[in-house]
$ cat entry_35.pdb   # PDB, C-alpha atoms
ATOM      1  CA  VAL A   1       0.000   0.000   0.000  1.00  0.00           C
ATOM      2  CA  GLN A   2       1.321   3.392  -0.951  1.00  0.00           C
ATOM      3  CA  LEU A   3      -0.127   6.837  -0.342  1.00  0.00           C
ATOM      4  CA  VAL A   4       1.654   9.853  -1.788  1.00  0.00           C
ATOM      5  CA  GLU A   5       0.512  13.390  -1.016  1.00  0.00           C
ATOM      6  CA  SER A   6       1.263  16.452  -3.090  1.00  0.00           C
ATOM      7  CA  GLY A   7       0.058  20.005  -3.552  1.00  0.00           C
ATOM      8  CA  GLY A   8       1.172  21.675  -0.360  1.00  0.00           C
ATOM      9  CA  GLY A   9       2.860  25.054  -0.237  1.00  0.00           C
ATOM     10  CA  LEU A  10       2.760  28.618   1.003  1.00  0.00           C
ATOM     11  CA  VAL A  11      -0.445  30.584   0.541  1.00  0.00           C
ATOM     12  CA  GLN A  12      -1.791  33.874   1.862  1.00  0.00           C
ATOM     13  CA  PRO A  13      -4.789  33.971   4.188  1.00  0.00           C
ATOM     14  CA  GLY A  14      -7.971  33.656   2.166  1.00  0.00           C
ATOM     15  CA  GLY A  15      -6.211  31.711  -0.549  1.00  0.00           C
ATOM     16  CA  SER A  16      -6.759  28.169  -1.820  1.00  0.00           C
ATOM     17  CA  LEU A  17      -4.791  24.980  -2.284  1.00  0.00           C
ATOM     18  CA  ARG A  18      -5.690  21.547  -3.559  1.00  0.00           C
ATOM     19  CA  LEU A  19      -3.954  18.552  -2.051  1.00  0.00           C
ATOM     20  CA  SER A  20      -3.762  15.235  -3.876  1.00  0.00           C
ATOM     21  CA  CYS A  21      -3.238  11.723  -2.539  1.00  0.00           C
ATOM     22  CA  ALA A  22      -2.250   9.109  -5.088  1.00  0.00           C
ATOM     23  CA  ALA A  23      -3.112   5.641  -3.798  1.00  0.00           C
ATOM     24  CA  SER A  24      -1.938   2.223  -4.910  1.00  0.00           C
ATOM     25  CA  GLY A  25      -1.662  -1.351  -3.711  1.00  0.00           C
ATOM     26  CA  PHE A  26      -5.156  -2.053  -2.365  1.00  0.00           C
ATOM     27  CA  ILE A  27      -8.765  -2.566  -3.433  1.00  0.00           C
ATOM     28  CA  PHE A  28     -10.058   0.956  -3.219  1.00  0.00           C
ATOM     29  CA  SER A  29     -13.745   0.107  -3.005  1.00  0.00           C
ATOM     30  CA  ASN A  30     -13.219  -1.480   0.419  1.00  0.00           C
ATOM     31  CA  TYR A  31     -11.615   1.567   1.962  1.00  0.00           C
ATOM     32  CA  VAL A  32     -12.264   4.896   3.588  1.00  0.00           C
ATOM     33  CA  MET A  33      -9.753   7.633   2.763  1.00  0.00           C
ATOM     34  CA  GLY A  34      -8.930  10.274   5.316  1.00  0.00           C
ATOM     35  CA  TRP A  35      -7.101  13.553   5.659  1.00  0.00           C
ATOM     36  CA  PHE A  36      -5.352  14.515   8.883  1.00  0.00           C
ATOM     37  CA  ARG A  37      -3.116  17.396   9.869  1.00  0.00           C
ATOM     38  CA  GLN A  38      -0.532  18.107  12.511  1.00  0.00           C
ATOM     39  CA  ALA A  39       0.544  21.594  13.491  1.00  0.00           C
ATOM     40  CA  PRO A  40       3.817  22.256  15.350  1.00  0.00           C
ATOM     41  CA  GLY A  41       3.502  21.301  18.986  1.00  0.00           C
ATOM     42  CA  LYS A  42       0.038  19.803  18.512  1.00  0.00           C
ATOM     43  CA  GLU A  43      -1.382  16.326  18.106  1.00  0.00           C
ATOM     44  CA  ARG A  44      -2.439  15.012  14.744  1.00  0.00           C
ATOM     45  CA  GLU A  45      -6.113  15.741  14.127  1.00  0.00           C
ATOM     46  CA  PHE A  46      -8.777  14.461  11.782  1.00  0.00           C
ATOM     47  CA  VAL A  47      -9.770  16.813   8.969  1.00  0.00           C
ATOM     48  CA  ALA A  48     -12.008  14.909   6.546  1.00  0.00           C
ATOM     49  CA  SER A  49     -12.815  11.489   5.154  1.00  0.00           C
ATOM     50  CA  ILE A  50     -14.496   9.976   2.114  1.00  0.00           C
ATOM     51  CA  HIS A  51     -15.822   6.495   1.423  1.00  0.00           C
ATOM     52  CA  TRP A  52     -14.199   5.365  -1.781  1.00  0.00           C
ATOM     53  CA  SER A  53     -17.234   3.458  -3.050  1.00  0.00           C
ATOM     54  CA  ASN A  54     -20.176   5.717  -2.191  1.00  0.00           C
ATOM     55  CA  GLY A  55     -18.460   9.070  -1.813  1.00  0.00           C
ATOM     56  CA  ASN A  56     -19.920   9.854   1.609  1.00  0.00           C
ATOM     57  CA  THR A  57     -17.882  12.529   3.365  1.00  0.00           C
ATOM     58  CA  ILE A  58     -17.259  13.702   6.929  1.00  0.00           C
ATOM     59  CA  TYR A  59     -15.542  16.924   8.008  1.00  0.00           C
ATOM     60  CA  THR A  60     -14.280  18.310  11.251  1.00  0.00           C
ATOM     61  CA  ASN A  61     -16.215  21.404  12.298  1.00  0.00           C
ATOM     62  CA  SER A  62     -13.356  23.850  11.806  1.00  0.00           C
ATOM     63  CA  VAL A  63     -13.141  23.162   8.052  1.00  0.00           C
ATOM     64  CA  LYS A  64     -16.819  22.698   7.164  1.00  0.00           C
ATOM     65  CA  GLY A  65     -17.814  24.996   4.331  1.00  0.00           C
ATOM     66  CA  ARG A  66     -14.175  25.671   3.413  1.00  0.00           C
ATOM     67  CA  PHE A  67     -12.665  22.246   2.619  1.00  0.00           C
ATOM     68  CA  THR A  68     -14.004  19.607   0.236  1.00  0.00           C
ATOM     69  CA  THR A  69     -12.696  16.096  -0.249  1.00  0.00           C
ATOM     70  CA  SER A  70     -13.370  14.096  -3.392  1.00  0.00           C
ATOM     71  CA  ARG A  71     -12.011  11.127  -5.295  1.00  0.00           C
ATOM     72  CA  ASP A  72     -11.218  10.242  -8.887  1.00  0.00           C
ATOM     73  CA  ASN A  73     -11.708   6.515  -9.344  1.00  0.00           C
ATOM     74  CA  ALA A  74      -9.960   6.438 -12.704  1.00  0.00           C
ATOM     75  CA  LYS A  75      -6.832   8.045 -11.278  1.00  0.00           C
ATOM     76  CA  ASN A  76      -6.936   6.309  -7.871  1.00  0.00           C
ATOM     77  CA  THR A  77      -6.521   9.731  -6.346  1.00  0.00           C
ATOM     78  CA  VAL A  78      -8.203  11.554  -3.492  1.00  0.00           C
ATOM     79  CA  TYR A  79      -8.274  15.343  -3.261  1.00  0.00           C
ATOM     80  CA  LEU A  80      -8.660  17.921  -0.540  1.00  0.00           C
ATOM     81  CA  GLN A  81      -9.730  21.287  -1.895  1.00  0.00           C
ATOM     82  CA  MET A  82      -8.997  23.951   0.705  1.00  0.00           C
ATOM     83  CA  ASN A  83     -10.557  27.402   0.296  1.00  0.00           C
ATOM     84  CA  ASN A  84     -10.507  30.519   2.454  1.00  0.00           C
ATOM     85  CA  LEU A  85      -7.417  29.273   4.210  1.00  0.00           C
ATOM     86  CA  LYS A  86      -6.547  30.667   7.622  1.00  0.00           C
ATOM     87  CA  PRO A  87      -3.229  30.826   9.492  1.00  0.00           C
ATOM     88  CA  GLU A  88      -4.542  28.175  11.877  1.00  0.00           C
ATOM     89  CA  ASP A  89      -4.757  25.750   8.956  1.00  0.00           C
ATOM     90  CA  THR A  90      -0.955  25.709   8.837  1.00  0.00           C
ATOM     91  CA  ALA A  91       0.165  22.112   9.365  1.00  0.00           C
ATOM     92  CA  VAL A  92       1.564  19.018   7.741  1.00  0.00           C
ATOM     93  CA  TYR A  93      -1.341  17.307   5.998  1.00  0.00           C
ATOM     94  CA  TYR A  94      -1.445  13.529   5.798  1.00  0.00           C
ATOM     95  CA  CYS A  95      -3.469  11.146   3.675  1.00  0.00           C
ATOM     96  CA  SER A  96      -4.613   7.928   5.317  1.00  0.00           C
ATOM     97  CA  ALA A  97      -6.635   4.815   4.546  1.00  0.00           C
ATOM     98  CA  ARG A  98      -8.567   2.217   6.513  1.00  0.00           C
ATOM     99  CA  THR A  99     -10.962  -0.572   5.674  1.00  0.00           C
ATOM    100  CA  TYR A 100     -14.653  -0.009   6.389  1.00  0.00           C
ATOM    101  CA  SER A 101     -14.543  -2.438   9.303  1.00  0.00           C
ATOM    102  CA  SER A 102     -11.434  -0.999  10.921  1.00  0.00           C
ATOM    103  CA  ILE A 103     -11.479   1.593  13.683  1.00  0.00           C
ATOM    104  CA  GLN A 104      -7.828   2.466  13.272  1.00  0.00           C
ATOM    105  CA  TRP A 105      -6.334   4.187  10.274  1.00  0.00           C
ATOM    106  CA  GLN A 106      -4.013   1.584   8.823  1.00  0.00           C
ATOM    107  CA  TYR A 107      -1.955   3.314   6.164  1.00  0.00           C
ATOM    108  CA  TRP A 108      -0.360   6.735   6.021  1.00  0.00           C
ATOM    109  CA  GLY A 109       1.404   8.943   3.540  1.00  0.00           C
ATOM    110  CA  ARG A 110       4.465  11.001   4.423  1.00  0.00           C
ATOM    111  CA  GLY A 111       2.606  14.287   4.470  1.00  0.00           C
ATOM    112  CA  THR A 112       2.776  17.616   2.700  1.00  0.00           C
ATOM    113  CA  GLN A 113       3.370  20.998   4.325  1.00  0.00           C
ATOM    114  CA  VAL A 114       0.712  23.700   4.112  1.00  0.00           C
ATOM    115  CA  THR A 115       1.666  27.152   5.361  1.00  0.00           C
ATOM    116  CA  VAL A 116      -0.845  29.983   5.491  1.00  0.00           C
ATOM    117  CA  SER A 117       0.882  33.289   6.060  1.00  0.00           C
ATOM    118  CA  SER A 118       1.012  36.826   4.746  1.00  0.00           C
TER     119      SER A 118
END
$ encode --input "entry_35.pdb" --output "structure tokens"
Amino acid sequence: VQLVESGGGLVQPGGSLRLSCAASGFIFSNYVMGWFRQAPGKEREFVASIHWSNGNTIYTNSVKGRFTTSRDNAKNTVYLQMNNLKPEDTAVYYCSARTYSSIQWQYWGRGTQVTVSS
């Protein structure tokens, strides 16, 4: 199983970024894909998730209305569109995957840095 994130960078407050997570090595229809982030000095936190087969999504309250996660089945890629970014969104963003029946997130990417600053 391999998860590779891309798309991070430096953006001004109010700006947008789109993160990508290219996935390989598993049967995607059996999995939930998640996005997490970890800011300096803080614990890793859940941001959003999407069921690969039915597209159902969940978001943490702080990003609702600003972030959208989606998937492209043909490209085996999951996206996190981030709009109206705030300085508090600054963190390393990680892609993760788990099976429907699992409580724990089983696979992780290496992360991509997002910095929101003027």
$ closest_residue --input "entry_35.pdb" --among "A:Gln2, A:Ser70, A:Ser101, A:Ser62" --to "A:Glu88" --atoms "all atoms listed in the file"
A:Ser62
$ closest_residue --input "entry_35.pdb" --among "A:Gly111, A:Pro13, A:Gly8, A:Gly65" --to "A:Arg44" --atoms "only C-alpha atoms"
A:Gly111
$ closest_residue --input "entry_35.pdb" --among "A:Thr69, A:Asn76, A:Ile58, A:Val4" --to "A:Arg110" --atoms "all atoms listed in the file"
A:Val4
$ closest_residue --input "entry_35.pdb" --among "A:Ser24, A:Ser16, A:Ser29, A:Thr57" --to "A:Met82" --atoms "all atoms listed in the file"
A:Ser16
$ resolve_selection --input "entry_35.pdb" --expression "the PyMOL selection byres ((chain A and resi 27) around 12)" --output "PDB file with C-alpha atoms, in the coordinates of the input"
ATOM      1  CA  VAL A   1       0.000   0.000   0.000  1.00  0.00           C
ATOM      2  CA  GLN A   2       1.321   3.392  -0.951  1.00  0.00           C
ATOM      3  CA  ALA A  23      -3.112   5.641  -3.798  1.00  0.00           C
ATOM      4  CA  SER A  24      -1.938   2.223  -4.910  1.00  0.00           C
ATOM      5  CA  GLY A  25      -1.662  -1.351  -3.711  1.00  0.00           C
ATOM      6  CA  PHE A  26      -5.156  -2.053  -2.365  1.00  0.00           C
ATOM      7  CA  PHE A  28     -10.058   0.956  -3.219  1.00  0.00           C
ATOM      8  CA  SER A  29     -13.745   0.107  -3.005  1.00  0.00           C
ATOM      9  CA  ASN A  30     -13.219  -1.480   0.419  1.00  0.00           C
ATOM     10  CA  TYR A  31     -11.615   1.567   1.962  1.00  0.00           C
ATOM     11  CA  VAL A  32     -12.264   4.896   3.588  1.00  0.00           C
ATOM     12  CA  MET A  33      -9.753   7.633   2.763  1.00  0.00           C
ATOM     13  CA  TRP A  52     -14.199   5.365  -1.781  1.00  0.00           C
ATOM     14  CA  SER A  53     -17.234   3.458  -3.050  1.00  0.00           C
ATOM     15  CA  ASN A  73     -11.708   6.515  -9.344  1.00  0.00           C
ATOM     16  CA  ASN A  76      -6.936   6.309  -7.871  1.00  0.00           C
ATOM     17  CA  ALA A  97      -6.635   4.815   4.546  1.00  0.00           C
ATOM     18  CA  ARG A  98      -8.567   2.217   6.513  1.00  0.00           C
ATOM     19  CA  THR A  99     -10.962  -0.572   5.674  1.00  0.00           C
ATOM     20  CA  TYR A 100     -14.653  -0.009   6.389  1.00  0.00           C
TER      21      TYR A 100
END
$ resolve_selection --input "entry_35.pdb" --expression "the PyMOL selection byres ((chain A and resi 10) around 6)" --output "list of chain:residue names"
A:Gly9, A:Val11, A:Thr115, A:Val116
$ atom_distance --input "entry_35.pdb" --atom1 "atom CA of A:Leu85" --atom2 "atom CA of A:Phe67"
8.9 Å
$ atom_distance --input "entry_35.pdb" --atom1 "atom CA of A:Val63" --atom2 "atom CA of A:Lys75"
25.3 Å
$ atom_distance --input "entry_35.pdb" --atom1 "atom CA of A:Gln106" --atom2 "atom CA of A:Leu17"
25.9 Å
$ residues_near_point --input "entry_35.pdb" --point "(-7.3, 15.3, 1.0)" --cutoff "6 Å" --atoms "all atoms listed in the file" --output "VMD selection string"
chain A and resid 19 35 69 78 to 80
$ closest_residue --input "entry_35.pdb" --among "A:Ser96, A:Ser117, A:Ser102, A:Thr60" --to "A:Thr77" --atoms "all atoms listed in the file"
A:Ser96
$ resolve_selection --input "entry_35.pdb" --expression "the PyMOL selection byres ((chain A and resi 108) around 6)" --output "PyMOL selection string"
chain A and resi 95-96+107+109
$ residues_around --input "entry_35.pdb" --residues "A:Phe46" --least-positions-apart "3" --cutoff "10 Å" --atoms "only C-alpha atoms" --output "tab-separated table (two decimals) with C-alpha atoms, in the frame of the given file"
chain	number	residue	atom	x	y	z
A	34	GLY	CA	-8.93	10.27	5.32
A	35	TRP	CA	-7.10	13.55	5.66
A	36	PHE	CA	-5.35	14.52	8.88
A	37	ARG	CA	-3.12	17.40	9.87
A	38	GLN	CA	-0.53	18.11	12.51
A	43	GLU	CA	-1.38	16.33	18.11
A	49	SER	CA	-12.82	11.49	5.15
A	58	ILE	CA	-17.26	13.70	6.93
A	59	TYR	CA	-15.54	16.92	8.01
A	60	THR	CA	-14.28	18.31	11.25
A	93	TYR	CA	-1.34	17.31	6.00
A	94	TYR	CA	-1.44	13.53	5.80
